[in-house]
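> protein_4.pdb is the file, holding PDB, C-alpha atoms:
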ATOM      1  CA  MET A   1      38.806   6.671  24.371
ATOM      2  CA  ARG A   2      42.129   8.208  25.352
ATOM      3  CA  TYR A   3      45.712   7.020  25.359
ATOM      4  CA  THR A   4      47.535   8.255  28.456
ATOM      5  CA  PRO A   5      51.325   8.301  28.104
ATOM      6  CA  HIS A   6      53.562   6.984  30.865
ATOM      7  CA  ILE A   7      56.143   9.238  32.471
ATOM      8  CA  LYS A   8      59.366   9.582  30.490
ATOM      9  CA  GLN A   9      57.665   8.616  27.214
ATOM     10  CA  THR A  10      58.498  10.812  24.248
ATOM     11  CA  PRO A  11      56.201  11.693  21.306
ATOM     12  CA  SER A  12      57.963   9.086  19.204
ATOM     13  CA  ASP A  13      57.023   6.453  21.843
ATOM     14  CA  ILE A  14      53.356   7.485  21.874
ATOM     15  CA  ARG A  15      52.727   7.602  18.114
ATOM     16  CA  PRO A  16      52.693   3.796  17.447
ATOM     17  CA  ALA A  17      50.091   3.217  20.181
ATOM     18  CA  TYR A  18      48.010   6.124  18.924
ATOM     19  CA  ASN A  19      48.107   4.784  15.375
ATOM     20  CA  ARG A  20      46.961   1.360  16.566
ATOM     21  CA  THR A  21      44.051   2.978  18.410
ATOM     22  CA  ARG A  22      43.026   4.964  15.365
ATOM     23  CA  SER A  23      43.220   1.825  13.200
ATOM     24  CA  ALA A  24      40.966  -0.040  15.632
ATOM     25  CA  ILE A  25      38.410   2.787  15.470
ATOM     26  CA  HIS A  26      38.352   2.627  11.673
ATOM     27  CA  THR A  27      37.813  -1.123  11.854
ATOM     28  CA  VAL A  28      34.771  -0.643  14.077
ATOM     29  CA  MET A  29      33.388   1.964  11.669
ATOM     30  CA  ALA A  30      33.844  -0.411   8.733
ATOM     31  CA  THR A  31      31.719  -3.129  10.361
ATOM     32  CA  GLY A  32      28.612  -0.938  10.238
ATOM     33  CA  ALA A  33      27.800  -1.713  13.855
ATOM     34  CA  PHE A  34      27.903   1.942  14.828
ATOM     35  CA  LEU A  35      27.463   5.320  13.274
ATOM     36  CA  LEU A  36      30.372   7.360  14.639
ATOM     37  CA  THR A  37      29.964  11.099  14.860
ATOM     38  CA  GLY A  38      32.048  13.952  16.239
ATOM     39  CA  ILE A  39      35.781  14.375  16.145
ATOM     40  CA  VAL A  40      37.837  11.239  15.804
ATOM     41  CA  HIS A  41      41.086  11.731  17.651
ATOM     42  CA  ALA A  42      42.630  10.903  20.997
ATOM     43  CA  GLU A  43      40.526  13.476  22.879
ATOM     44  CA  LYS A  44      36.929  12.742  21.873
ATOM     45  CA  ILE A  45      34.890   9.999  20.235
ATOM     46  CA  GLN A  46      31.073  10.087  20.305
ATOM     47  CA  ALA A  47      28.991   7.078  19.270
ATOM     48  CA  SER A  48      25.368   7.273  18.222
ATOM     49  CA  GLU A  49      22.723   4.696  19.104
ATOM     50  CA  PRO A  50      23.170   1.323  17.359
ATOM     51  CA  VAL A  51      21.567   1.262  13.921
ATOM     52  CA  LYS A  52      18.094  -0.304  14.090
ATOM     53  CA  SER A  53      17.691  -3.341  11.889
ATOM     54  CA  SER A  54      14.924  -3.367   9.293
ATOM     55  CA  LEU A  55      14.796  -7.122   9.860
ATOM     56  CA  THR A  56      13.605  -6.497  13.435
ATOM     57  CA  GLN A  57      10.876  -4.163  12.202
ATOM     58  CA  SER A  58       9.810  -6.684   9.574
ATOM     59  CA  SER A  59       9.728  -9.425  12.192
ATOM     60  CA  SER A  60       7.457  -7.288  14.356
ATOM     61  CA  THR A  61       5.016  -6.880  11.465
ATOM     62  CA  GLN A  62       5.099 -10.609  10.790
ATOM     63  CA  ASP A  63       4.266 -11.259  14.449
ATOM     64  CA  SER A  64       1.295  -8.911  14.159
ATOM     65  CA  ILE A  65       0.071 -10.698  11.028
ATOM     66  CA  GLN A  66       0.375 -14.088  12.714
ATOM     67  CA  ASN A  67      -1.514 -12.805  15.749
ATOM     68  CA  LEU A  68      -4.247 -11.550  13.409
ATOM     69  CA  LEU A  69      -4.565 -14.920  11.689
ATOM     70  CA  ASP A  70      -4.599 -16.870  14.955
ATOM     71  CA  TYR A  71      -7.286 -14.556  16.308
ATOM     72  CA  ALA A  72      -9.419 -15.004  13.196
ATOM     73  CA  ARG A  73      -9.241 -18.804  13.404
ATOM     74  CA  ASN A  74     -10.779 -18.646  16.889
ATOM     75  CA  TYR A  75     -14.122 -17.720  15.326
ATOM     76  CA  GLU A  76     -14.532 -20.582  12.886
ATOM     77  CA  GLY A  77     -18.100 -21.824  13.119
ATOM     78  CA  VAL A  78     -19.641 -18.571  14.381
ATOM     79  CA  PRO A  79     -22.968 -18.209  12.510
ATOM     80  CA  TYR A  80     -23.413 -15.834   9.605
ATOM     81  CA  ARG A  81     -25.802 -12.942  10.118
ATOM     82  CA  SER A  82     -26.420 -10.062   7.718
ATOM     83  CA  GLY A  83     -25.138  -6.895   9.385
ATOM     84  CA  GLY A  84     -23.585  -8.914  12.229
ATOM     85  CA  THR A  85     -20.520  -7.437  13.891
ATOM     86  CA  SER A  86     -19.711  -9.667  16.891
ATOM     87  CA  PRO A  87     -19.489 -13.332  17.902
ATOM     88  CA  GLY A  88     -22.596 -12.897  20.053
ATOM     89  CA  THR A  89     -24.798 -11.715  17.192
ATOM     90  CA  GLY A  90     -23.006 -13.481  14.346
ATOM     91  CA  PHE A  91     -20.923 -11.979  11.559
ATOM     92  CA  ASP A  92     -21.360 -10.893   8.008
ATOM     93  CA  CYS A  93     -18.201 -10.829   5.887
ATOM     94  CA  SER A  94     -17.113  -7.246   6.520
ATOM     95  CA  GLY A  95     -18.240  -7.374  10.155
ATOM     96  CA  PHE A  96     -15.965 -10.363  10.704
ATOM     97  CA  VAL A  97     -12.934  -8.757   9.042
ATOM     98  CA  ARG A  98     -13.446  -5.470  10.903
ATOM     99  CA  TYR A  99     -13.864  -7.267  14.233
ATOM    100  CA  VAL A 100     -10.660  -9.278  13.807
ATOM    101  CA  PHE A 101      -8.538  -6.309  12.754
ATOM    102  CA  ASP A 102      -9.890  -4.132  15.550
ATOM    103  CA  ARG A 103      -9.643  -6.659  18.369
ATOM    104  CA  ALA A 104      -6.397  -8.329  17.337
ATOM    105  CA  GLU A 105      -4.361  -5.315  16.201
ATOM    106  CA  GLY A 106      -6.350  -2.165  17.029
ATOM    107  CA  VAL A 107      -6.850  -1.249  13.354
ATOM    108  CA  SER A 108     -10.213   0.224  12.335
ATOM    109  CA  LEU A 109     -11.379  -0.606   8.824
ATOM    110  CA  PRO A 110     -14.378   0.804   6.903
ATOM    111  CA  HIS A 111     -17.803  -0.758   7.373
ATOM    112  CA  HIS A 112     -18.439  -2.391   4.006
ATOM    113  CA  SER A 113     -16.515  -4.792   1.802
ATOM    114  CA  GLY A 114     -16.543  -2.288  -1.065
ATOM    115  CA  SER A 115     -14.932   0.390   1.090
ATOM    116  CA  ILE A 116     -12.440  -2.064   2.550
ATOM    117  CA  SER A 117     -11.401  -2.978  -1.011
ATOM    118  CA  GLN A 118      -9.981   0.528  -1.393
ATOM    119  CA  VAL A 119      -7.702   0.271   1.665
ATOM    120  CA  GLY A 120      -4.027  -0.671   1.450
ATOM    121  CA  THR A 121      -2.208  -1.475  -1.785
ATOM    122  CA  PRO A 122      -3.215  -3.787  -4.666
ATOM    123  CA  VAL A 123      -1.567  -7.185  -4.829
ATOM    124  CA  ALA A 124      -1.668  -9.786  -7.591
ATOM    125  CA  LEU A 125      -3.309 -13.153  -6.994
ATOM    126  CA  ASP A 126      -0.018 -15.015  -7.455
ATOM    127  CA  GLU A 127       1.718 -12.744  -4.929
ATOM    128  CA  LEU A 128      -0.691 -13.160  -2.018
ATOM    129  CA  LYS A 129       0.767 -13.336   1.487
ATOM    130  CA  PRO A 130      -0.918 -14.270   4.787
ATOM    131  CA  GLY A 131      -2.892 -11.328   6.120
ATOM    132  CA  ASP A 132      -3.851  -9.951   2.708
ATOM    133  CA  LEU A 133      -7.525  -9.223   2.096
ATOM    134  CA  VAL A 134      -9.261 -11.013  -0.792
ATOM    135  CA  PHE A 135     -12.410  -9.713  -2.480
ATOM    136  CA  PHE A 136     -15.206 -11.356  -4.465
ATOM    137  CA  TYR A 137     -18.518 -10.672  -6.113
ATOM    138  CA  LEU A 138     -21.509 -12.837  -5.255
ATOM    139  CA  LEU A 139     -24.543 -11.829  -7.299
ATOM    140  CA  GLN A 140     -23.510  -8.906  -9.459
ATOM    141  CA  LYS A 141     -20.104  -7.940 -10.815
ATOM    142  CA  THR A 142     -19.379  -5.740  -7.822
ATOM    143  CA  VAL A 143     -17.225  -6.085  -4.706
ATOM    144  CA  SER A 144     -19.586  -7.654  -2.207
ATOM    145  CA  HIS A 145     -17.533 -10.154  -0.180
ATOM    146  CA  VAL A 146     -14.218 -10.091   1.708
ATOM    147  CA  GLY A 147     -12.015 -12.580   3.513
ATOM    148  CA  ILE A 148      -8.566 -12.792   5.122
ATOM    149  CA  TYR A 149      -5.908 -14.796   3.298
ATOM    150  CA  LEU A 150      -4.250 -17.466   5.461
ATOM    151  CA  GLY A 151      -1.696 -18.873   3.044
ATOM    152  CA  ASN A 152      -1.607 -22.028   0.893
ATOM    153  CA  ASN A 153      -4.621 -20.763  -1.118
ATOM    154  CA  GLN A 154      -6.816 -20.709   1.985
ATOM    155  CA  PHE A 155      -8.804 -17.768   3.315
ATOM    156  CA  ILE A 156     -11.146 -17.301   6.256
ATOM    157  CA  HIS A 157     -14.443 -15.455   5.911
ATOM    158  CA  ALA A 158     -18.047 -15.261   7.085
ATOM    159  CA  SER A 159     -19.932 -17.079   4.341
ATOM    160  CA  SER A 160     -23.664 -16.680   3.808
ATOM    161  CA  ASN A 161     -24.299 -18.916   0.849
ATOM    162  CA  ARG A 162     -21.684 -21.635   1.269
ATOM    163  CA  SER A 163     -21.712 -22.650   4.926
ATOM    164  CA  GLY A 164     -23.703 -20.053   6.844
ATOM    165  CA  SER A 165     -20.804 -19.447   9.224
ATOM    166  CA  VAL A 166     -17.200 -18.327   9.558
ATOM    167  CA  VAL A 167     -15.298 -20.899   7.552
ATOM    168  CA  VAL A 168     -11.960 -21.547   5.853
ATOM    169  CA  SER A 169     -12.264 -21.931   2.058
ATOM    170  CA  ASN A 170      -9.849 -22.577  -0.785
ATOM    171  CA  LEU A 171      -9.236 -20.017  -3.519
ATOM    172  CA  LYS A 172      -8.739 -22.887  -5.974
ATOM    173  CA  GLU A 173     -12.337 -24.035  -5.565
ATOM    174  CA  SER A 174     -14.187 -23.306  -8.777
ATOM    175  CA  TYR A 175     -16.771 -21.107  -7.060
ATOM    176  CA  TRP A 176     -14.189 -18.749  -5.522
ATOM    177  CA  THR A 177     -11.967 -18.786  -8.613
ATOM    178  CA  LYS A 178     -14.936 -17.688 -10.688
ATOM    179  CA  HIS A 179     -16.015 -14.932  -8.259
ATOM    180  CA  TYR A 180     -12.582 -13.589  -7.280
ATOM    181  CA  ILE A 181     -12.047  -9.880  -8.028
ATOM    182  CA  SER A 182      -8.933  -8.497  -6.322
ATOM    183  CA  ALA A 183      -6.724  -8.410  -3.234
ATOM    184  CA  ARG A 184      -5.191  -5.708  -1.052
ATOM    185  CA  ARG A 185      -2.165  -5.712   1.255
ATOM    186  CA  VAL A 186      -2.542  -3.931   4.585
ATOM    187  CA  ASP A 187       0.666  -4.860   6.455
ATOM    188  CA  ALA A 188       1.844  -1.227   6.452
ATOM    189  CA  ILE A 189      -1.444  -0.213   8.039
ATOM    190  CA  ILE A 190      -1.060  -2.869  10.707
ATOM    191  CA  SER A 191       2.526  -1.774  11.319
ATOM    192  CA  ASN A 192       1.521   1.871  11.726
ATOM    193  CA  LYS A 193      -1.756   1.106  13.556
ATOM    194  CA  LYS A 194      -3.633   3.578  11.354
ATOM    195  CA  HIS A 195      -7.354   4.024  11.947
ATOM    196  CA  LEU A 196      -9.141   4.276   8.641
ATOM    197  CA  SER A 197     -12.867   4.397   9.394
ATOM    198  CA  HIS A 198     -13.043   8.037   8.293
ATOM    199  CA  ALA A 199     -10.122   8.046   5.874
ATOM    200  CA  THR A 200     -10.505   9.106   2.264
ATOM    201  CA  PRO A 201     -10.621   5.855   0.255
ATOM    202  CA  MET A 202      -7.663   5.135  -1.975
ATOM    203  CA  PRO A 203      -8.586   4.584  -5.639
ATOM    204  CA  LEU A 204      -8.121   1.097  -6.990
ATOM    205  CA  HIS A 205      -5.185   0.788  -9.344
ATOM    206  CA  SER A 206      -5.809  -2.817 -10.293
ATOM    207  CA  PRO A 207      -6.862  -3.268 -13.936
ATOM    208  CA  SER A 208      -9.453  -5.760 -12.698
ATOM    209  CA  ALA A 209     -11.151  -3.186 -10.462
ATOM    210  CA  LEU A 210     -14.918  -3.426 -10.659
ATOM    211  CA  PRO A 211     -17.801  -1.256  -9.394
ATOM    212  CA  ILE A 212     -18.319  -1.263  -5.656
ATOM    213  CA  GLN A 213     -21.403  -2.477  -3.874
ATOM    214  CA  HIS A 214     -21.840  -1.386  -0.268
ATOM    215  CA  GLY A 215     -23.846  -4.359   0.823
ATOM    216  CA  ALA A 216     -21.658  -6.867   2.629
TER
END
If you took the structure in this file and wrote it as structure tokens, what would it be?

Amino acid sequence: MRYTPHIKQTPSDIRPAYNRTRSAIHTVMATGAFLLTGIVHAEKIQASEPVKSSLTQSSSTQDSIQNLLDYARNYEGVPYRSGGTSPGTGFDCSGFVRYVFDRAEGVSLPHHSGSISQVGTPVALDELKPGDLVFFYLLQKTVSHVGIYLGNNQFIHASSNRSGSVVVSNLKESYWTKHYISARRVDAIISNKKHLSHATPMPLHSPSALPIQHGA
């Protein structure tokens, strides 16, 4: 941005216009719309790229979570099968969760519910958000079942002893309330598209952490 004086103008004529220009530049800087770098005077002004909004990044993650949930709901009613990993063969609980995360968002999770329960960050039951993973014990006091939280106390999972298929259940049901263990948040993993099949498991920090069973 440069002010070019007209012929016959003196320095005293130029200064008011220059001051107005400089004031306008300071106003732009104050809005936060740009990060201005370089030398600020009549000869040279360099502007960096516009500052990226964290709101946009957050919105992108939310879109990924919603896509994940929509994809999971497509498989309601698919039969349960121990060790099953696809709609054609049927799903067990961890096979269903792994399939959804891989196909919907390209995220690879460990093979068993116990290992999956060490991924991401712990989250309290009263702070659950859609896309969080919820964990339960079935027979012994060990992590042996996993589902995907949908919101409004609902979660989707491949159930062996309740329906024999992929089904939506309610965390407030007495059975699931009794058998609930913990939850993990994996939105950062989805955002970064990390592949965790061979990652070193993160230790559980939840005070309710229980022994892990590699069965489901």
> Run the PyMOL selection byres ((chain A and resi 165-181) around 6) against the file shown and list the residues it catches, as a list in words.
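Selection result, ordered by chain and number: Glu76, Gly77, Val78, Pro79, Tyr80, Phe135, Phe136, Tyr137, Asn153, Gln154, Phe155, Ile156, His157, Ala158, Ser159, Ser163, Gly164 and Ser182 of chain A.
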> Can you tell me how far CA of Gly147 (chain A) sits from CA of Leu125 (chain A), in Å to one decimal?
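So the two atoms, CA of Gly147 (chain A) and CA of Leu125 (chain A), lie 13.7 Å apart.
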> Please expand the PyMOL selection byres ((chain A and resi 116) around 10) into the concrete residues it hits in this file, giving the result as a list in words.
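So the PyMOL selection byres ((chain A and resi 116) around 10), applied here, picks out Ser94, Val97, Arg98, Leu109, Pro110, His111, His112, Ser113, Gly114, Ser115, Ser117, Gln118, Val119, Gly120, Leu133, Phe135, Val143, His145, Val146, Arg184, Leu196, Ser197, Pro201, Met202 and His214 of chain A.
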> Please report the interatomic distance between CA of Val107 (chain A) and CA of Ile190 (chain A) in Å with one decimal.
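Distance between the two atoms: 6.6 Å.
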> Using CA of Val100 (chain A) and CA of Asn192 (chain A) as the two end points, give the distance in Å to one decimal.
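Here the two named atoms are 16.6 Å from each other.
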> Need the shell around Ser82 (chain A): protein/DNA/RNA residues with any atom at most 9 Å away, counting only C-alpha atoms. Skip same-chain ones fewer than 2 positions apart. Format as a list in words?
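Neighbouring residues, sequence-local ones excluded: Tyr80, Gly84, Thr85, Gly90, Phe91, Asp92, Cys93, Gly95, Ser160 and Ala216 of chain A.
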> My list of candidates is A:Glu105, A:Gly131, A:Tyr99, A:Asn67. Which is closest to Asp187 (chain A) when distances are computed with all atoms listed in the file?
A:Gly131
> Selection in question (the file shown): the PyMOL selection byres ((chain A and resi 128) around 9). Which residues does it include, as a short mmCIF file (atom, residue, chain, number, x, y, z; two decimals) with C-alpha atoms, keeping the file's coordinate frame?

data_model
loop_
_atom_site.label_atom_id
_atom_site.label_comp_id
_atom_site.auth_asym_id
_atom_site.auth_seq_id
_atom_site.Cartn_x
_atom_site.Cartn_y
_atom_site.Cartn_z
CA VAL A 123 -1.57 -7.18 -4.83
CA ALA A 124 -1.67 -9.79 -7.59
CA LEU A 125 -3.31 -13.15 -6.99
CA ASP A 126 -0.02 -15.02 -7.46
CA GLU A 127 1.72 -12.74 -4.93
CA LYS A 129 0.77 -13.34 1.49
CA PRO A 130 -0.92 -14.27 4.79
CA GLY A 131 -2.89 -11.33 6.12
CA ASP A 132 -3.85 -9.95 2.71
CA LEU A 133 -7.52 -9.22 2.10
CA VAL A 134 -9.26 -11.01 -0.79
CA TYR A 149 -5.91 -14.80 3.30
CA GLY A 151 -1.70 -18.87 3.04
CA ASN A 153 -4.62 -20.76 -1.12
CA ALA A 183 -6.72 -8.41 -3.23
CA ARG A 184 -5.19 -5.71 -1.05
CA ARG A 185 -2.16 -5.71 1.25
#
> Which one is closest to Tyr75 (chain A): A:Gly106, A:Lys141, A:Ala188, A:Phe96? Count only C-alpha atoms.
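Residue with the minimum atom-to-atom distance to Tyr75 (chain A): A:Phe96.
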